>>> print(open('run_30.txt').read())   # compact mmCIF, C-alpha atoms
# COMPACT_ATOMS: atom_id res chain seq x y z
CA MET A 1 34.74 19.03 -114.94
CA PHE A 2 37.02 20.37 -112.24
CA PRO A 3 36.28 20.97 -108.56
CA GLU A 4 35.07 24.42 -107.62
CA ARG A 5 36.95 24.35 -104.33
CA PHE A 6 40.24 25.00 -106.14
CA SER A 7 38.90 27.49 -108.66
CA ASN A 8 39.94 30.57 -106.70
CA LEU A 9 43.41 29.43 -105.67
CA PRO A 10 45.93 32.22 -106.21
CA ALA A 11 49.01 31.39 -108.23
CA TYR A 12 51.69 29.78 -106.08
CA ALA A 13 54.33 32.18 -104.79
CA PHE A 14 57.15 31.21 -107.12
CA PRO A 15 55.22 31.26 -110.42
CA ARG A 16 53.99 34.70 -109.34
CA LEU A 17 57.57 35.75 -108.73
CA ARG A 18 58.66 34.52 -112.16
CA ALA A 19 55.80 36.46 -113.77
CA LEU A 20 56.92 39.58 -111.90
CA LEU A 21 60.63 39.36 -112.67
CA ASP A 22 61.53 37.14 -115.57
CA HIS A 23 60.67 39.50 -118.41
CA HIS A 24 63.08 42.08 -116.92
CA THR A 25 66.85 41.96 -117.29
CA PRO A 26 68.67 41.60 -113.96
CA GLY A 27 70.97 44.47 -113.08
CA LEU A 28 74.27 42.61 -113.01
CA SER A 29 77.73 44.05 -113.35
CA ALA A 30 80.29 42.28 -115.54
CA GLY A 31 81.23 38.90 -114.07
CA GLU A 32 78.41 38.86 -111.51
CA ASP A 33 75.85 36.11 -111.10
CA VAL A 34 72.26 36.27 -109.90
CA ILE A 35 72.00 35.90 -106.12
CA HIS A 36 69.02 33.71 -105.23
CA MET A 37 67.49 34.51 -101.83
CA THR A 38 63.92 33.34 -102.37
CA ILE A 39 63.59 29.65 -101.49
CA GLY A 40 64.18 28.28 -98.01
CA GLU A 41 66.35 25.43 -99.28
CA PRO A 42 69.27 24.84 -96.89
CA LYS A 43 72.69 24.86 -98.56
CA HIS A 44 74.92 23.98 -95.62
CA ALA A 45 76.62 20.59 -95.92
CA PHE A 46 74.69 17.62 -94.60
CA PRO A 47 76.52 15.21 -92.24
CA GLU A 48 79.47 13.33 -93.74
CA TRP A 49 78.17 9.98 -92.54
CA VAL A 50 75.07 10.13 -94.75
CA SER A 51 76.83 8.48 -97.70
CA ASP A 52 78.14 5.67 -95.52
CA VAL A 53 74.71 4.92 -94.05
CA LEU A 54 73.18 4.87 -97.53
CA ALA A 55 75.87 2.54 -98.85
CA GLU A 56 75.48 0.18 -95.90
CA ASN A 57 71.73 -0.08 -96.46
CA VAL A 58 71.41 0.21 -100.23
CA SER A 59 69.95 -3.31 -100.46
CA GLY A 60 66.86 -1.90 -98.76
CA PHE A 61 65.79 -0.44 -102.10
CA ASN A 62 64.90 -4.04 -103.01
CA ASN A 63 62.01 -4.14 -100.50
CA TYR A 64 58.82 -2.26 -99.80
CA PRO A 65 59.48 -0.09 -96.72
CA PRO A 66 57.25 0.04 -93.61
CA ASN A 67 54.56 2.56 -94.47
CA GLU A 68 54.42 4.25 -91.06
CA GLY A 69 58.19 4.04 -90.45
CA ALA A 70 60.46 1.31 -89.15
CA PRO A 71 60.38 0.79 -85.36
CA GLU A 72 64.02 1.95 -85.10
CA LEU A 73 63.22 5.21 -86.88
CA LEU A 74 60.17 5.89 -84.73
CA SER A 75 62.20 5.19 -81.58
CA ALA A 76 64.92 7.59 -82.76
CA ALA A 77 62.33 10.33 -83.37
CA ALA A 78 60.73 9.79 -79.96
CA GLY A 79 64.17 9.78 -78.36
CA TRP A 80 64.98 13.13 -79.93
CA VAL A 81 61.68 14.60 -78.68
CA LYS A 82 62.61 13.44 -75.18
CA ARG A 83 66.14 14.89 -75.35
CA ARG A 84 65.12 18.13 -77.01
CA PHE A 85 61.80 18.93 -75.33
CA ASP A 86 61.58 16.51 -72.37
CA ALA A 87 58.26 15.26 -73.77
CA ASP A 88 57.34 11.59 -73.58
CA LEU A 89 56.06 9.67 -76.60
CA ASP A 90 55.38 5.99 -77.18
CA PRO A 91 57.11 5.42 -80.54
CA ALA A 92 54.79 2.54 -81.42
CA THR A 93 51.55 4.46 -80.96
CA GLN A 94 52.34 8.20 -80.97
CA VAL A 95 54.80 8.70 -83.84
CA MET A 96 54.55 8.18 -87.60
CA ALA A 97 57.17 8.81 -90.28
CA LEU A 98 56.36 11.31 -93.03
CA ASN A 99 57.62 11.90 -96.54
CA GLY A 100 58.42 15.48 -95.54
CA THR A 101 56.22 17.55 -93.26
CA ARG A 102 54.18 19.06 -96.11
CA GLU A 103 52.65 15.62 -96.70
CA GLY A 104 51.73 15.34 -93.03
CA LEU A 105 50.37 18.86 -92.72
CA TYR A 106 48.06 18.12 -95.64
CA ASN A 107 47.01 14.57 -94.80
CA ALA A 108 46.44 15.26 -91.12
CA ALA A 109 43.63 17.62 -92.11
CA MET A 110 42.22 14.92 -94.38
CA THR A 111 42.29 12.53 -91.42
CA VAL A 112 40.90 14.56 -88.52
CA CYS A 113 38.78 17.41 -89.90
CA PRO A 114 35.05 16.61 -89.48
CA GLU A 115 32.52 17.29 -92.20
CA THR A 116 30.69 19.72 -89.93
CA LYS A 117 31.39 21.50 -86.65
CA ASN A 118 28.39 22.35 -84.49
CA GLY A 119 26.17 21.77 -87.52
CA LYS A 120 28.05 24.20 -89.78
CA GLN A 121 30.92 24.21 -92.25
CA PRO A 122 34.14 23.80 -90.25
CA ILE A 123 36.79 26.50 -90.15
CA ILE A 124 40.53 25.89 -90.30
CA LEU A 125 42.55 28.72 -88.82
CA SER A 126 45.88 29.77 -90.30
CA PRO A 127 48.41 32.41 -89.37
CA ASN A 128 48.78 35.08 -92.03
CA PRO A 129 51.45 35.00 -93.59
CA PHE A 130 51.29 31.24 -93.92
CA TYR A 131 52.78 28.11 -95.47
CA GLN A 132 50.62 27.55 -98.55
CA VAL A 133 49.72 23.93 -97.77
CA TYR A 134 47.59 25.12 -94.83
CA MET A 135 45.13 26.82 -97.19
CA VAL A 136 45.01 23.98 -99.71
CA ALA A 137 44.42 21.42 -96.96
CA ALA A 138 41.47 23.44 -95.69
CA LEU A 139 39.92 23.67 -99.14
CA SER A 140 40.51 19.96 -99.79
CA VAL A 141 38.46 18.90 -96.77
CA GLY A 142 35.62 21.31 -97.49
CA ALA A 143 36.52 23.64 -94.62
CA GLU A 144 36.65 27.43 -94.72
CA PRO A 145 40.23 28.73 -94.47
CA TYR A 146 40.30 31.63 -92.01
CA PHE A 147 43.41 33.82 -91.90
CA VAL A 148 44.58 35.47 -88.69
CA ASN A 149 47.05 38.30 -89.27
CA ALA A 150 50.43 37.99 -87.56
CA ASN A 151 52.06 41.40 -87.72
CA ALA A 152 54.31 43.66 -85.69
CA ALA A 153 51.43 44.66 -83.42
CA THR A 154 50.91 41.01 -82.39
CA GLY A 155 54.60 40.16 -82.12
CA PHE A 156 54.33 38.39 -85.50
CA LEU A 157 52.22 35.65 -83.91
CA PRO A 158 48.47 35.22 -84.58
CA ASP A 159 46.10 36.28 -81.81
CA PHE A 160 43.64 33.40 -82.02
CA ALA A 161 41.98 34.34 -78.72
CA ALA A 162 40.76 37.63 -80.24
CA LEU A 163 38.59 35.83 -82.80
CA PRO A 164 34.79 36.10 -82.57
CA GLU A 165 33.05 33.29 -80.73
CA ASP A 166 31.07 32.26 -83.80
CA VAL A 167 34.39 31.62 -85.59
CA LEU A 168 35.85 29.64 -82.71
CA ASP A 169 32.65 27.58 -82.43
CA ARG A 170 33.18 26.41 -86.02
CA THR A 171 36.94 25.90 -85.74
CA SER A 172 38.14 22.32 -86.15
CA ILE A 173 41.89 22.91 -86.67
CA ALA A 174 44.34 25.72 -86.01
CA TYR A 175 47.64 25.64 -87.87
CA MET A 176 50.43 27.26 -85.91
CA CYS A 177 54.02 27.56 -87.12
CA SER A 178 56.71 28.21 -84.48
CA PRO A 179 59.35 29.35 -85.16
CA SER A 180 57.27 31.15 -87.74
CA ASN A 181 57.89 31.30 -91.46
CA PRO A 182 58.65 33.97 -92.60
CA GLN A 183 59.00 36.25 -89.57
CA GLY A 184 61.11 34.02 -87.32
CA ALA A 185 58.96 34.64 -84.23
CA VAL A 186 58.87 32.01 -81.48
CA ALA A 187 55.76 30.99 -79.54
CA THR A 188 56.46 31.01 -75.81
CA ASP A 189 55.17 28.35 -73.44
CA THR A 190 52.60 30.92 -72.34
CA PHE A 191 51.43 31.33 -75.94
CA TRP A 192 51.07 27.57 -76.34
CA ARG A 193 49.33 27.24 -72.98
CA ASP A 194 46.79 29.91 -73.92
CA LEU A 195 46.18 28.35 -77.33
CA ILE A 196 45.77 24.85 -75.89
CA THR A 197 43.34 26.22 -73.28
CA LEU A 198 41.37 27.88 -76.09
CA ALA A 199 41.39 24.63 -78.09
CA GLU A 200 40.15 22.67 -75.10
CA LYS A 201 37.33 25.17 -74.57
CA TYR A 202 36.19 25.17 -78.21
CA ASP A 203 37.23 21.58 -79.02
CA PHE A 204 39.61 22.02 -81.94
CA LYS A 205 42.98 20.49 -82.74
CA ILE A 206 46.29 22.34 -82.96
CA PHE A 207 48.62 21.50 -85.83
CA ALA A 208 52.00 22.60 -84.45
CA ASP A 209 54.37 23.05 -87.39
CA GLU A 210 57.74 23.07 -85.60
CA CYS A 211 60.10 22.30 -88.47
CA TYR A 212 62.34 25.34 -87.77
CA ALA A 213 62.75 24.50 -84.06
CA GLU A 214 66.45 23.67 -84.30
CA ILE A 215 67.58 26.93 -85.94
CA TYR A 216 67.51 29.64 -83.31
CA ARG A 217 69.45 32.31 -81.47
CA GLY A 218 69.03 32.72 -77.74
CA ASP A 219 66.81 30.28 -75.89
CA ALA A 220 65.76 27.10 -77.67
CA PRO A 221 62.11 27.16 -78.80
CA GLY A 222 59.80 24.89 -76.85
CA SER A 223 57.20 22.50 -78.19
CA ALA A 224 53.43 22.43 -77.96
CA LEU A 225 53.75 18.72 -77.15
CA LYS A 226 55.62 19.42 -73.91
CA VAL A 227 53.28 22.23 -72.85
CA ALA A 228 50.22 20.05 -73.50
CA GLN A 229 51.69 17.20 -71.45
CA ASP A 230 52.56 19.52 -68.57
CA MET A 231 48.99 20.89 -68.63
CA GLY A 232 47.45 17.43 -68.64
CA ALA A 233 45.60 18.33 -71.84
CA ASP A 234 43.90 15.76 -74.03
CA PRO A 235 46.83 13.95 -75.74
CA GLU A 236 44.93 14.13 -79.03
CA ARG A 237 44.71 17.94 -78.82
CA VAL A 238 48.15 18.71 -80.33
CA ILE A 239 49.54 17.22 -83.53
CA ALA A 240 53.20 18.21 -83.97
CA PHE A 241 55.29 18.04 -87.14
CA HIS A 242 59.07 17.90 -87.47
CA SER A 243 61.46 17.59 -90.38
CA LEU A 244 65.09 16.84 -91.23
CA SER A 245 65.10 19.37 -94.08
CA LYS A 246 66.17 22.37 -92.00
CA ARG A 247 67.57 20.62 -88.92
CA SER A 248 69.99 18.40 -90.85
CA ASN A 249 70.29 20.24 -94.21
CA MET A 250 68.62 17.40 -96.09
CA PRO A 251 65.57 18.86 -97.90
CA GLY A 252 65.95 16.26 -100.62
CA LEU A 253 65.68 13.40 -98.14
CA ARG A 254 61.95 14.15 -97.76
CA SER A 255 61.82 12.84 -94.23
CA GLY A 256 59.99 13.98 -91.13
CA PHE A 257 57.55 12.73 -88.56
CA VAL A 258 54.25 13.54 -86.87
CA ALA A 259 53.53 13.03 -83.17
CA SER A 260 50.23 13.11 -81.31
CA GLY A 261 47.90 10.98 -79.21
CA PRO A 262 47.42 7.28 -79.99
CA GLU A 263 43.97 7.68 -81.58
CA THR A 264 45.13 10.45 -83.92
CA ILE A 265 48.20 8.50 -85.02
CA LYS A 266 46.12 5.34 -85.45
CA ARG A 267 43.81 7.20 -87.83
CA MET A 268 46.71 8.83 -89.67
CA LYS A 269 48.34 5.43 -90.15
CA GLN A 270 45.10 4.06 -91.56
CA GLN A 271 44.73 6.96 -93.98
CA ARG A 272 48.39 6.73 -94.97
CA ALA A 273 48.03 3.03 -95.74
CA TYR A 274 45.77 4.06 -98.62
CA SER A 275 47.31 7.30 -99.84
CA GLY A 276 50.74 7.87 -98.29
CA THR A 277 54.12 7.34 -99.88
CA PRO A 278 56.52 5.53 -97.54
CA ILE A 279 60.14 6.58 -97.18
CA PRO A 280 62.52 4.10 -98.84
CA MET A 281 64.30 1.96 -96.26
CA PRO A 282 67.83 3.29 -96.91
CA LEU A 283 66.50 6.80 -96.35
CA GLN A 284 64.76 5.66 -93.18
CA LYS A 285 68.15 4.43 -91.92
CA VAL A 286 69.67 7.85 -92.66
CA SER A 287 66.75 9.47 -90.84
CA GLU A 288 67.19 7.18 -87.86
CA ARG A 289 70.84 8.18 -87.59
CA ALA A 290 70.02 11.88 -88.04
CA TRP A 291 67.44 11.97 -85.23
CA SER A 292 69.93 10.16 -82.99
CA ASP A 293 72.76 12.63 -83.61
CA ASP A 294 72.77 16.17 -82.19
CA GLU A 295 76.36 17.16 -82.93
CA HIS A 296 75.77 18.03 -86.57
CA VAL A 297 72.75 20.11 -85.56
CA GLU A 298 74.82 22.28 -83.22
CA GLU A 299 77.42 22.80 -85.95
CA ASN A 300 74.66 23.86 -88.34
CA ARG A 301 73.18 26.24 -85.78
CA GLN A 302 76.55 27.94 -85.31
CA LEU A 303 76.72 28.63 -89.05
CA TYR A 304 73.33 30.33 -88.90
CA LEU A 305 74.30 32.32 -85.81
CA GLU A 306 77.17 33.80 -87.80
CA LYS A 307 74.74 34.68 -90.58
CA PHE A 308 72.41 36.35 -88.07
CA ARG A 309 75.32 38.49 -86.84
CA ILE A 310 76.22 39.51 -90.39
CA ALA A 311 72.61 40.51 -91.10
CA ASP A 312 72.38 42.50 -87.87
CA ASP A 313 75.55 44.43 -88.77
CA ILE A 314 74.43 45.15 -92.33
CA PHE A 315 70.94 46.36 -91.37
CA ALA A 316 71.87 47.98 -88.05
CA ASN A 317 70.86 51.44 -89.26
CA VAL A 318 67.70 50.39 -91.12
CA GLN A 319 64.59 51.69 -89.43
CA GLY A 320 62.21 48.89 -88.49
CA TYR A 321 64.75 46.11 -88.93
CA LYS A 322 64.29 43.25 -86.49
CA GLY A 323 66.55 40.24 -86.64
CA PRO A 324 64.66 36.93 -86.43
CA GLU A 325 64.54 34.95 -83.21
CA ALA A 326 64.76 31.73 -85.18
CA GLY A 327 64.51 30.20 -88.65
CA PHE A 328 66.64 31.50 -91.51
CA PHE A 329 64.56 34.23 -93.13
CA LEU A 330 64.74 38.00 -92.86
CA TRP A 331 61.36 39.76 -92.93
CA LEU A 332 62.41 43.19 -94.10
CA PRO A 333 60.05 46.19 -93.98
CA VAL A 334 59.66 48.16 -97.23
CA GLU A 335 57.02 50.50 -98.64
CA ASP A 336 55.73 47.93 -101.13
CA GLY A 337 57.05 44.38 -101.36
CA GLU A 338 56.42 43.86 -105.06
CA GLU A 339 57.91 47.20 -106.04
CA ALA A 340 60.96 46.59 -103.85
CA THR A 341 61.45 43.09 -105.27
CA LEU A 342 61.28 44.36 -108.84
CA LYS A 343 63.60 47.30 -108.14
CA LEU A 344 66.12 45.01 -106.48
CA TRP A 345 66.08 42.60 -109.42
CA LYS A 346 66.39 45.26 -112.10
CA GLU A 347 69.18 47.13 -110.31
CA THR A 348 71.20 44.40 -108.59
CA GLY A 349 70.24 40.92 -109.79
CA VAL A 350 69.28 39.85 -106.27
CA ARG A 351 66.13 37.75 -106.18
CA VAL A 352 63.85 37.92 -103.11
CA LEU A 353 60.16 37.22 -102.48
CA PRO A 354 57.42 39.82 -101.92
CA GLY A 355 55.76 39.26 -98.56
CA ALA A 356 52.30 39.57 -100.09
CA TYR A 357 52.94 36.33 -102.00
CA LEU A 358 52.97 34.51 -98.66
CA SER A 359 49.90 36.28 -97.28
CA LYS A 360 46.21 36.69 -97.93
CA ASP A 361 44.17 39.89 -98.10
CA THR A 362 41.85 40.23 -95.10
CA ASP A 363 39.57 42.91 -93.68
CA GLN A 364 42.63 44.10 -91.74
CA GLY A 365 44.76 44.27 -94.88
CA ASN A 366 47.55 42.07 -96.17
CA PRO A 367 50.21 41.71 -93.45
CA GLY A 368 52.91 40.86 -95.99
CA LYS A 369 52.38 43.74 -98.42
CA GLU A 370 55.04 45.98 -96.86
CA TYR A 371 57.71 43.27 -96.49
CA ILE A 372 60.11 41.17 -98.48
CA ARG A 373 61.30 37.71 -97.42
CA VAL A 374 65.02 37.04 -97.74
CA ALA A 375 66.36 33.51 -97.31
CA MET A 376 69.80 33.32 -95.65
CA VAL A 377 70.64 29.87 -96.99
CA ALA A 378 73.36 30.65 -99.55
CA PRO A 379 77.05 30.29 -98.64
CA LYS A 380 78.11 33.00 -96.20
CA ASP A 381 80.07 35.21 -98.59
CA GLU A 382 77.38 35.08 -101.27
CA MET A 383 74.70 35.79 -98.67
CA GLN A 384 76.65 38.78 -97.35
CA ARG A 385 77.01 40.25 -100.85
CA GLY A 386 73.29 39.82 -101.39
CA LEU A 387 72.37 41.51 -98.10
CA GLU A 388 74.70 44.43 -98.80
CA LYS A 389 73.12 44.89 -102.24
CA ILE A 390 69.66 44.86 -100.64
CA ARG A 391 70.71 47.49 -98.10
CA ASP A 392 72.35 49.75 -100.68
CA CYS A 393 69.48 49.46 -103.16
CA LEU A 394 66.47 49.70 -100.86
CA PHE A 395 67.63 51.41 -97.67
CA ALA A 396 70.38 53.85 -98.67
>>> encode(input="run_30.txt", output="structure tokens")
Amino acid sequence: MFPERFSNLPAYAFPRLRALLDHHTPGLSAGEDVIHMTIGEPKHAFPEWVSDVLAENVSGFNNYPPNEGAPELLSAAAGWVKRRFDADLDPATQVMALNGTREGLYNAAMTVCPETKNGKQPIILSPNPFYQVYMVAALSVGAEPYFVNANAATGFLPDFAALPEDVLDRTSIAYMCSPSNPQGAVATDTFWRDLITLAEKYDFKIFADECYAEIYRGDAPGSALKVAQDMGADPERVIAFHSLSKRSNMPGLRSGFVASGPETIKRMKQQRAYSGTPIPMPLQKVSERAWSDDEHVEENRQLYLEKFRIADDIFANVQGYKGPEAGFFLWLPVEDGEEATLKLWKETGVRVLPGAYLSKDTDQGNPGKEYIRVAMVAPKDEMQRGLEKIRDCLFA
């Protein structure tokens, strides 16, 4: 016996990609290697002091770590929120450490989604394209996942306010990623204000996935936490998630945090006591140092700014090209994402991801079908070669 709620899950994006490409020979010239541009795994160097902090605290592996995060780590996270967004958090009651934000994005739904909303099955809203954990979390709690297209016509942000009232009446949670993955669009304070107002009217929670907030060009992205505080909204209304994976180039650290109102965090701590996996203490000490240090983040951002400039130069004459506002993905328009991905692999050995693998078919179509996602995480020279091959193969 297996649960029906997972019976219709599509294959995850990367197994689908392997099924599409791996039985074809990559089009490599002599001496060339495959250029991987699929996974958003940062490859810039992490801070030099990481090894020292680990060595100084290695004895911590001999003890069970605090499940919700050591007080020093929680204070460092709250201090960063204050410096970065000018939002106030009580580290003891409004912050909890996470084993990566994916864990939090999943378990928060387990913690706060009710069994019914206004007497009916609850709905969990998700932007479309979307981070896959949003859909699985909805199914796990018995909610209906409802996908809201984020395309060029909407500025690559979902228009939640345009949803029918019967949908909003059943909504318990709205996932919102800003800066968005994969399009790199940034929610303005006005966007957040409108969404929070909508959530207050229809009584649902906003899961603000802000893990790309430190990689941007132009103005720094704001936070839903700050907007909610300025509005005087219910402090439990917004649940925000942050990570060191992108900010500090440490995806293998598996460290992030969640911030919200005291009641939400209290319930998340209780749930995590039963099912969560705490971060080992030496890694908590690294995390504490990382949230307290902004210098390495600025250095990392400058590396991405150079990559943005390279991409803009390479695709300057490509119709429909729009450089991202933030994040480290290109969302490139093509006639058909799968066909373009396969052509690129067979002719150049560059590996990208079809946009449809990150999206869901809706009545309004699949907003990722005519795109490919390209991760700009490889070393600069390798990334540039890959982008030039993409341009010459698909846009010449």
>>> atom_distance(input="run_30.txt", atom1="atom CA of A:Gly252", atom2="atom CA of A:Pro10")
26.2 Å
>>> closest_residue(input="run_30.txt", among="A:Gly104, A:Gly184, A:Gly60, A:Pro354", to="A:Ser243", atoms="only C-alpha atoms")
A:Gly104
>>> closest_residue(input="run_30.txt", among="A:Asp336, A:Glu144, A:Lys205, A:Ala259", to="A:Pro367", atoms="all atoms listed in the file")
A:Asp336
>>> closest_residue(input="run_30.txt", among="A:Ala208, A:Ile123, A:Ile173, A:Val136", to="A:Ala11", atoms="all atoms listed in the file")
A:Val136
>>> closest_atom_pairs(input="run_30.txt", of="stretch 181-257 of chain A", to="stretch 304-324 of chain A", cutoff="9 Å", atoms="all atoms listed in the file", output="CSV")
residue,atom,partner,partner_atom,distance
A:Gln183,CA,A:Pro324,CA,6.5
A:Gly184,CA,A:Pro324,CA,4.7
A:Ala185,CA,A:Pro324,CA,6.5
A:Ile215,CA,A:Tyr304,CA,7.3
A:Tyr216,CA,A:Leu305,CA,7.7
A:Arg217,CA,A:Leu305,CA,6.5
>>> residues_around(input="run_30.txt", residues="stretch 193-195 of chain A", least_positions_apart="4", cutoff="12 Å", atoms="only C-alpha atoms", output="ChimeraX atom specification")
/A:157-163,168,173-176,187-189,199-208,222-233,237-238
>>> write_last_selection(input="run_30.txt", atoms="C-alpha atoms", output="PDB file, in the coordinates of the input")
ATOM      1  CA  LEU A 157      52.220  35.650 -83.910  1.00  0.00           C
ATOM      2  CA  PRO A 158      48.470  35.220 -84.580  1.00  0.00           C
ATOM      3  CA  ASP A 159      46.100  36.280 -81.810  1.00  0.00           C
ATOM      4  CA  PHE A 160      43.640  33.400 -82.020  1.00  0.00           C
ATOM      5  CA  ALA A 161      41.980  34.340 -78.720  1.00  0.00           C
ATOM      6  CA  ALA A 162      40.760  37.630 -80.240  1.00  0.00           C
ATOM      7  CA  LEU A 163      38.590  35.830 -82.800  1.00  0.00           C
ATOM      8  CA  LEU A 168      35.850  29.640 -82.710  1.00  0.00           C
ATOM      9  CA  ILE A 173      41.890  22.910 -86.670  1.00  0.00           C
ATOM     10  CA  ALA A 174      44.340  25.720 -86.010  1.00  0.00           C
ATOM     11  CA  TYR A 175      47.640  25.640 -87.870  1.00  0.00           C
ATOM     12  CA  MET A 176      50.430  27.260 -85.910  1.00  0.00           C
ATOM     13  CA  ALA A 187      55.760  30.990 -79.540  1.00  0.00           C
ATOM     14  CA  THR A 188      56.460  31.010 -75.810  1.00  0.00           C
ATOM     15  CA  ASP A 189      55.170  28.350 -73.440  1.00  0.00           C
ATOM     16  CA  ALA A 199      41.390  24.630 -78.090  1.00  0.00           C
ATOM     17  CA  GLU A 200      40.150  22.670 -75.100  1.00  0.00           C
ATOM     18  CA  LYS A 201      37.330  25.170 -74.570  1.00  0.00           C
ATOM     19  CA  TYR A 202      36.190  25.170 -78.210  1.00  0.00           C
ATOM     20  CA  ASP A 203      37.230  21.580 -79.020  1.00  0.00           C
ATOM     21  CA  PHE A 204      39.610  22.020 -81.940  1.00  0.00           C
ATOM     22  CA  LYS A 205      42.980  20.490 -82.740  1.00  0.00           C
ATOM     23  CA  ILE A 206      46.290  22.340 -82.960  1.00  0.00           C
ATOM     24  CA  PHE A 207      48.620  21.500 -85.830  1.00  0.00           C
ATOM     25  CA  ALA A 208      52.000  22.600 -84.450  1.00  0.00           C
ATOM     26  CA  GLY A 222      59.800  24.890 -76.850  1.00  0.00           C
ATOM     27  CA  SER A 223      57.200  22.500 -78.190  1.00  0.00           C
ATOM     28  CA  ALA A 224      53.430  22.430 -77.960  1.00  0.00           C
ATOM     29  CA  LEU A 225      53.750  18.720 -77.150  1.00  0.00           C
ATOM     30  CA  LYS A 226      55.620  19.420 -73.910  1.00  0.00           C
ATOM     31  CA  VAL A 227      53.280  22.230 -72.850  1.00  0.00           C
ATOM     32  CA  ALA A 228      50.220  20.050 -73.500  1.00  0.00           C
ATOM     33  CA  GLN A 229      51.690  17.200 -71.450  1.00  0.00           C
ATOM     34  CA  ASP A 230      52.560  19.520 -68.570  1.00  0.00           C
ATOM     35  CA  MET A 231      48.990  20.890 -68.630  1.00  0.00           C
ATOM     36  CA  GLY A 232      47.450  17.430 -68.640  1.00  0.00           C
ATOM     37  CA  ALA A 233      45.600  18.330 -71.840  1.00  0.00           C
ATOM     38  CA  ARG A 237      44.710  17.940 -78.820  1.00  0.00           C
ATOM     39  CA  VAL A 238      48.150  18.710 -80.330  1.00  0.00           C
TER      40      VAL A 238
END
>>> residues_around(input="run_30.txt", residues="A:His24", least_positions_apart="5", cutoff="9 Å", atoms="only C-alpha atoms", output="list in words")
Leu342, Trp345 and Lys346 of chain A
>>> closest_residue(input="run_30.txt", among="A:Asn366, A:Thr25, A:Ser275, A:Thr264", to="A:Val112", atoms="only C-alpha atoms")
A:Thr264
>>> closest_residue(input="run_30.txt", among="A:Glu68, A:Arg351, A:Leu330, A:Pro182", to="A:Ala150", atoms="all atoms listed in the file")
A:Pro182
>>> residues_around(input="run_30.txt", residues="A:Asn300", least_positions_apart="2", cutoff="10 Å", atoms="only C-alpha atoms", output="PyMOL selection string")
chain A and resi 44-47+214-215+246-249+295-298+302-305
>>> atom_distance(input="run_30.txt", atom1="atom CA of A:Asn128", atom2="atom CA of A:Thr341")
20.0 Å
>>> atom_distance(input="run_30.txt", atom1="atom CA of A:Met268", atom2="atom CA of A:Tyr106")
11.1 Å
>>> build_atoms(input="run_30.txt", residues="stretch 45-54 of chain A", atoms="N, CA, C and O atoms", output="PDB file, in the coordinates of the input")
ATOM      1  N   ALA A  45      76.327  22.003 -95.657  1.00  0.00           N
ATOM      2  CA  ALA A  45      76.620  20.590 -95.920  1.00  0.00           C
ATOM      3  C   ALA A  45      75.839  19.698 -94.962  1.00  0.00           C
ATOM      4  O   ALA A  45      75.697  20.002 -93.780  1.00  0.00           O
ATOM      5  N   PHE A  46      75.309  18.600 -95.488  1.00  0.00           N
ATOM      6  CA  PHE A  46      74.690  17.620 -94.600  1.00  0.00           C
ATOM      7  C   PHE A  46      75.790  16.753 -93.977  1.00  0.00           C
ATOM      8  O   PHE A  46      76.954  16.802 -94.409  1.00  0.00           O
ATOM      9  N   PRO A  47      75.477  15.966 -92.955  1.00  0.00           N
ATOM     10  CA  PRO A  47      76.520  15.210 -92.240  1.00  0.00           C
ATOM     11  C   PRO A  47      77.303  14.272 -93.165  1.00  0.00           C
ATOM     12  O   PRO A  47      76.740  13.665 -94.088  1.00  0.00           O
ATOM     13  N   GLU A  48      78.597  14.145 -92.890  1.00  0.00           N
ATOM     14  CA  GLU A  48      79.470  13.330 -93.740  1.00  0.00           C
ATOM     15  C   GLU A  48      79.083  11.856 -93.735  1.00  0.00           C
ATOM     16  O   GLU A  48      79.328  11.135 -94.708  1.00  0.00           O
ATOM     17  N   TRP A  49      78.473  11.404 -92.649  1.00  0.00           N
ATOM     18  CA  TRP A  49      78.170   9.980 -92.540  1.00  0.00           C
ATOM     19  C   TRP A  49      76.962   9.543 -93.375  1.00  0.00           C
ATOM     20  O   TRP A  49      76.669   8.342 -93.475  1.00  0.00           O
ATOM     21  N   VAL A  50      76.264  10.487 -93.981  1.00  0.00           N
ATOM     22  CA  VAL A  50      75.070  10.130 -94.750  1.00  0.00           C
ATOM     23  C   VAL A  50      75.393   9.129 -95.851  1.00  0.00           C
ATOM     24  O   VAL A  50      74.701   8.119 -96.031  1.00  0.00           O
ATOM     25  N   SER A  51      76.478   9.371 -96.596  1.00  0.00           N
ATOM     26  CA  SER A  51      76.830   8.480 -97.700  1.00  0.00           C
ATOM     27  C   SER A  51      77.139   7.074 -97.205  1.00  0.00           C
ATOM     28  O   SER A  51      76.766   6.076 -97.853  1.00  0.00           O
ATOM     29  N   ASP A  52      77.808   6.988 -96.073  1.00  0.00           N
ATOM     30  CA  ASP A  52      78.140   5.670 -95.520  1.00  0.00           C
ATOM     31  C   ASP A  52      76.880   4.903 -95.126  1.00  0.00           C
ATOM     32  O   ASP A  52      76.766   3.696 -95.394  1.00  0.00           O
ATOM     33  N   VAL A  53      75.942   5.589 -94.477  1.00  0.00           N
ATOM     34  CA  VAL A  53      74.710   4.920 -94.050  1.00  0.00           C
ATOM     35  C   VAL A  53      73.925   4.451 -95.277  1.00  0.00           C
ATOM     36  O   VAL A  53      73.373   3.335 -95.290  1.00  0.00           O
ATOM     37  N   LEU A  54      73.878   5.278 -96.304  1.00  0.00           N
ATOM     38  CA  LEU A  54      73.180   4.870 -97.530  1.00  0.00           C
ATOM     39  C   LEU A  54      73.833   3.633 -98.144  1.00  0.00           C
ATOM     40  O   LEU A  54      73.151   2.679 -98.529  1.00  0.00           O
TER      41      LEU A  54
END
